[in-house]
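Heads up: the structure comes next, in structure tokens.
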There are 2 protein chains.
Amino acid sequence: MSPKVTKSYKEERKRSILEAAKKIFIKKGYEAFVMQDVIDAVDLSRGGVYSYFSNKEELFLSILEDSNSTYSKEIEDMAKHPSIWNSLVKDFEEYKSASDTEDLFGAVQIEYFLINRLLPEKKIYMKERYKFAIEHLIKLFDEGVTNGEFNPKYPLETIARYFITFNDGINIATIFLNKKDLNFNAQIDIFLSHLENMLGVVKQ
Amino acid sequence: MSPKVTKSYKEERKRSILEAAKKIFIKKGYEAFVMQDVIDAVDLSRGGVYSYFSNKEELFLSILEDSNSTYSKEIEDMAKHPSIWNSLVKDFEEYKSASDTEDLFGAVQIEYFLINRLLPEKKIYMKERYKFAIEHLIKLFDEGVTNGEFNPKYPLETIARYFITFNDGINIATIFLNKKDLNFNAQIDIFLSHLENMLGVVKQ
DNA sequence: TATAATAATGACATTGATGTCACTTTAAAA
DNA sequence: TTTTAAAGTGACATCAATGTCATTATTATA
């Protein structure tokens, strides 16, 4: 009888493996990431790491879940703000001032999805994630409508999809060039003005 | 002395290998593509294929060159049209009515660039290609300005970058969902109206 | 302090793909 | 019809990564 270690000990181990793995995913990308990298980064043997996560995909999906729930929380927080439009603008302003190297996990996600795009089993999961993101955005926009803040020119769903399209596009662009060379800020400003127009933001 | 076959014989071989390879890239994606696939598809042995192309990247880049020059030609043709705006709209209309499975090489390209984004040697090449695309678009838009067709609200470069961003984004989106589920047509229409506005299209 | 459950180790078999090369075939020219 | 240079073959050595498992170490409990 008696387990060797406490539950929190194991959770801490898991957490530290995930943390190391995330750094490596960002540094090397999904494709180039190998389990040996994690084994080297964490104070554990090959078998040890494998007893927590049995392959790289499991590691990746675990990290993805986390960033998923962070995303949901952020959107939900936004919905609580008195002015949704202002909190959206603020979010983009932060995005503009963030350093080039931040939030590179977005690129890893796109890479993972691209690599697996032709495997039917994975496709279902990907669709669900896309749907999930769209639904959250629609909910946020809808809150603004009931607020009287928005008077949309297009169906909210269409606006949400367009939003995601721009986001993915700009994500790809930052992979090739740094924000300065990209005219990043100008692109964001233009998109914001389009978004403002589509949502029919009511000036108060 | 004397070479065994004619020059055109070898060129034909090369062409047929490239053709088969392109199909496989589209079917399996860049990452999953292996040389054995090509060997099986073409009536040649392992060593035979390798004597034409020494690895998968060489194959890919060769195909990329082709689709590059096709792209340039298309843009140049557009610039010759009496109304550039109309030819742009026509192009997007064709894009809308194209079947879901067409032009999937775009996804392969993005996949390749994503996978190699962290290798400095490759990065230079990627930047150049991006620059190349931007320059072509600027030239096209500029033609419209000298035409008196456009009266742009933003620098042409910014519009060109925004254009590419939308394009990449919609490319990614079509990977996850089919055009119908995506609201593809609605997204294109919205983008066209934004583009029309940014370029300041003068109605004639 | 003994013991037993489980955490951790790392050598190893396996896999799957790559690129090469000694050899064979082919066909144009001598 | 020979010769010979180049085209084509496919077995093979190599490599890099994976996941496993017999073994060892550790520690909470009895």
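Chain labels follow the order of the structure tokens: the first chain is A, the next B, and so on; residue numbering restarts at 1 in every chain, and ligands are counted from 1 in their shown order.
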
**Asked** What are the residues of chain A that have an atom within 12 Å of an atom of chain C, counting only C-alpha atoms (C1' of nucleotides), as a ChimeraX atom specification?
**Response** /A:1-6,9-10,13,39,43-52

**Asked** Per DSSP on the backbone, what are the helix (DSSP H, G or I) residues of segment 21-198 of chain B, as a VMD selection string?
**Response** chain B and resid 21 to 28 35 to 41 46 to 52 56 to 80 84 to 97 105 to 115 120 to 147 156 to 176 179 to 182 184 to 198

Counting only C-alpha atoms (C1' of nucleotides), collect the residues of chain D whose closest atom lies at most 7 Å from chain A, and write them out as a compact mmCIF listing (two decimals) with N, CA and C atoms (P, O5', C5', C4', C3', O3' and C1' of nucleotides), in the first residue's frame.
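What landed in out.txt:
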# COMPACT_ATOMS: atom_id res chain seq x y z
P DT D 27 12.51 10.03 -1.71
O5' DT D 27 11.21 9.69 -0.84
C5' DT D 27 9.96 9.53 -1.47
C4' DT D 27 9.06 8.66 -0.63
C3' DT D 27 9.11 8.96 0.88
O3' DT D 27 7.79 8.91 1.36
C1' DT D 27 9.36 6.70 0.53
P DA D 28 7.19 10.21 2.16
O5' DA D 28 5.67 9.80 2.37
C5' DA D 28 4.90 9.28 1.30
C4' DA D 28 4.05 8.11 1.78
C3' DA D 28 3.43 8.25 3.16
O3' DA D 28 2.11 7.74 3.07
C1' DA D 28 4.81 6.32 3.14
P DT D 29 1.11 7.79 4.29
O5' DT D 29 1.39 6.35 4.91
C5' DT D 29 0.53 5.27 4.59
C4' DT D 29 1.18 3.98 5.05
C3' DT D 29 0.76 3.52 6.44
O3' DT D 29 0.07 2.30 6.27
C1' DT D 29 3.05 3.15 6.03

**Prompt:** Which is closest to chain A among B:Phe113, B:Phe141, B:Tyr95, B:Phe150, if we use only C-alpha atoms?
**Reply:** B:Phe113

**Prompt:** Which residues, written as a ChimeraX atom specification, have at least one atom at most 10 Å from segment 142-145 of chain A, with only C-alpha atoms (C1' of nucleotides) counted and residues fewer than 4 positions away on the same chain left out?
**Reply:** /A:78-85,136-138,149-152,156-157,199-202

**Nearest candidate to chain A (options B:Leu88, B:Ile17, B:Leu59, B:Ile24; using only C-alpha atoms)** =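 Of the candidates, the smallest distance to chain A is held by B:Ile24.
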
Dump as a Markdown table the rows for residues of chain B within 9 Å of chain A: closest atom pair and distance in Å with one decimal, only C-alpha atoms counted, ordered by chain and rising residue number.
| residue | atom | partner | partner_atom | distance |
| --- | --- | --- | --- | --- |
| B:Lys27 | CA | A:Leu118 | CA | 7.8 |
| B:Lys28 | CA | A:Leu118 | CA | 6.6 |
| B:Gly29 | CA | A:Ile115 | CA | 7.0 |
| B:Tyr30 | CA | A:Ile115 | CA | 7.7 |
| B:Glu31 | CA | A:Ile115 | CA | 6.3 |
| B:Ala32 | CA | A:Ile115 | CA | 7.8 |
| B:Ala107 | CA | A:Leu114 | CA | 7.6 |
| B:Val108 | CA | A:Leu114 | CA | 8.4 |
| B:Ile110 | CA | A:Leu114 | CA | 8.2 |
| B:Glu111 | CA | A:Leu114 | CA | 6.0 |
| B:Phe113 | CA | A:Phe176 | CA | 8.3 |
| B:Leu114 | CA | A:Glu111 | CA | 6.0 |
| B:Ile115 | CA | A:Glu31 | CA | 6.3 |
| B:Asn116 | CA | A:Gly29 | CA | 8.6 |
| B:Arg117 | CA | A:Ile175 | CA | 6.7 |
| B:Leu118 | CA | A:Lys28 | CA | 6.5 |
| B:Leu119 | CA | A:Lys28 | CA | 8.9 |
| B:Lys123 | CA | A:Phe176 | CA | 7.2 |
| B:Met126 | CA | A:Phe176 | CA | 6.6 |
| B:Lys127 | CA | A:Phe176 | CA | 6.1 |
| B:Tyr130 | CA | A:Phe176 | CA | 7.7 |
| B:Glu157 | CA | A:Asn183 | CA | 8.7 |
| B:Thr158 | CA | A:Asn183 | CA | 6.6 |
| B:Ile159 | CA | A:Gln187 | CA | 8.3 |
| B:Arg161 | CA | A:Leu182 | CA | 7.3 |
| B:Tyr162 | CA | A:Gln187 | CA | 6.0 |
| B:Ile164 | CA | A:Gly169 | CA | 7.8 |
| B:Thr165 | CA | A:Gly169 | CA | 4.5 |
| B:Phe166 | CA | A:Phe166 | CA | 5.7 |
| B:Asn167 | CA | A:Gly169 | CA | 7.1 |
| B:Asp168 | CA | A:Gly169 | CA | 4.9 |
| B:Gly169 | CA | A:Gly169 | CA | 3.8 |
| B:Ile170 | CA | A:Thr165 | CA | 5.6 |
| B:Asn171 | CA | A:Gly169 | CA | 8.5 |
| B:Ile172 | CA | A:Asp168 | CA | 7.1 |
| B:Ala173 | CA | A:Thr165 | CA | 6.6 |
| B:Ile175 | CA | A:Arg117 | CA | 6.7 |
| B:Phe176 | CA | A:Lys127 | CA | 6.1 |
| B:Leu177 | CA | A:Lys127 | CA | 6.8 |
| B:Leu182 | CA | A:Arg161 | CA | 7.3 |
| B:Asn183 | CA | A:Thr158 | CA | 6.7 |
| B:Ala186 | CA | A:Thr158 | CA | 7.0 |
| B:Gln187 | CA | A:Tyr162 | CA | 6.0 |
| B:Ile190 | CA | A:Tyr162 | CA | 8.4 |
| B:Phe191 | CA | A:Tyr162 | CA | 8.6 |
| B:His194 | CA | A:His194 | CA | 7.2 |

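The coordinates place atom CA of Tyr71 of chain A at 19.3 Å from atom CA of Ser99 of chain A.
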
**atom CA of Leu104 of chain B to atom CA of Ala21 of chain B, straight-line distance in Å** =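 According to the coordinates, atom CA of Ala21 of chain B and atom CA of Leu104 of chain B are separated by 13.5 Å.
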
**Request:** Please provide as a PyMOL selection string all residues within 10 Å of Leu61 of chain A, with the sequence filter that same-chain residues fewer than 5 positions apart are discarded (counting only C-alpha atoms (C1' of nucleotides)).
**Result:** chain A and resi 56+66-67+109+112

Based on the selection just made, write C-alpha atoms of those residues as an mmCIF file, in the first residue's frame.
data_model
loop_
_atom_site.group_PDB
_atom_site.id
_atom_site.type_symbol
_atom_site.label_atom_id
_atom_site.label_comp_id
_atom_site.auth_asym_id
_atom_site.auth_seq_id
_atom_site.Cartn_x
_atom_site.Cartn_y
_atom_site.Cartn_z
ATOM 1 C CA LYS A 56 4.201 14.673 -28.349
ATOM 2 C CA ASP A 66 -4.950 25.426 -21.252
ATOM 3 C CA SER A 67 -4.667 28.187 -23.797
ATOM 4 C CA GLN A 109 -1.336 25.892 -33.269
ATOM 5 C CA TYR A 112 -0.347 21.628 -35.909
#

**Message:** So the first atom is atom CA of Lys73 of chain B and the second is atom CA of Phe132 of chain B; what is the distance between them in Å, to one decimal place?
**Reply:**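 Result for atom CA of Lys73 of chain B versus atom CA of Phe132 of chain B: 12.9 Å, one decimal.
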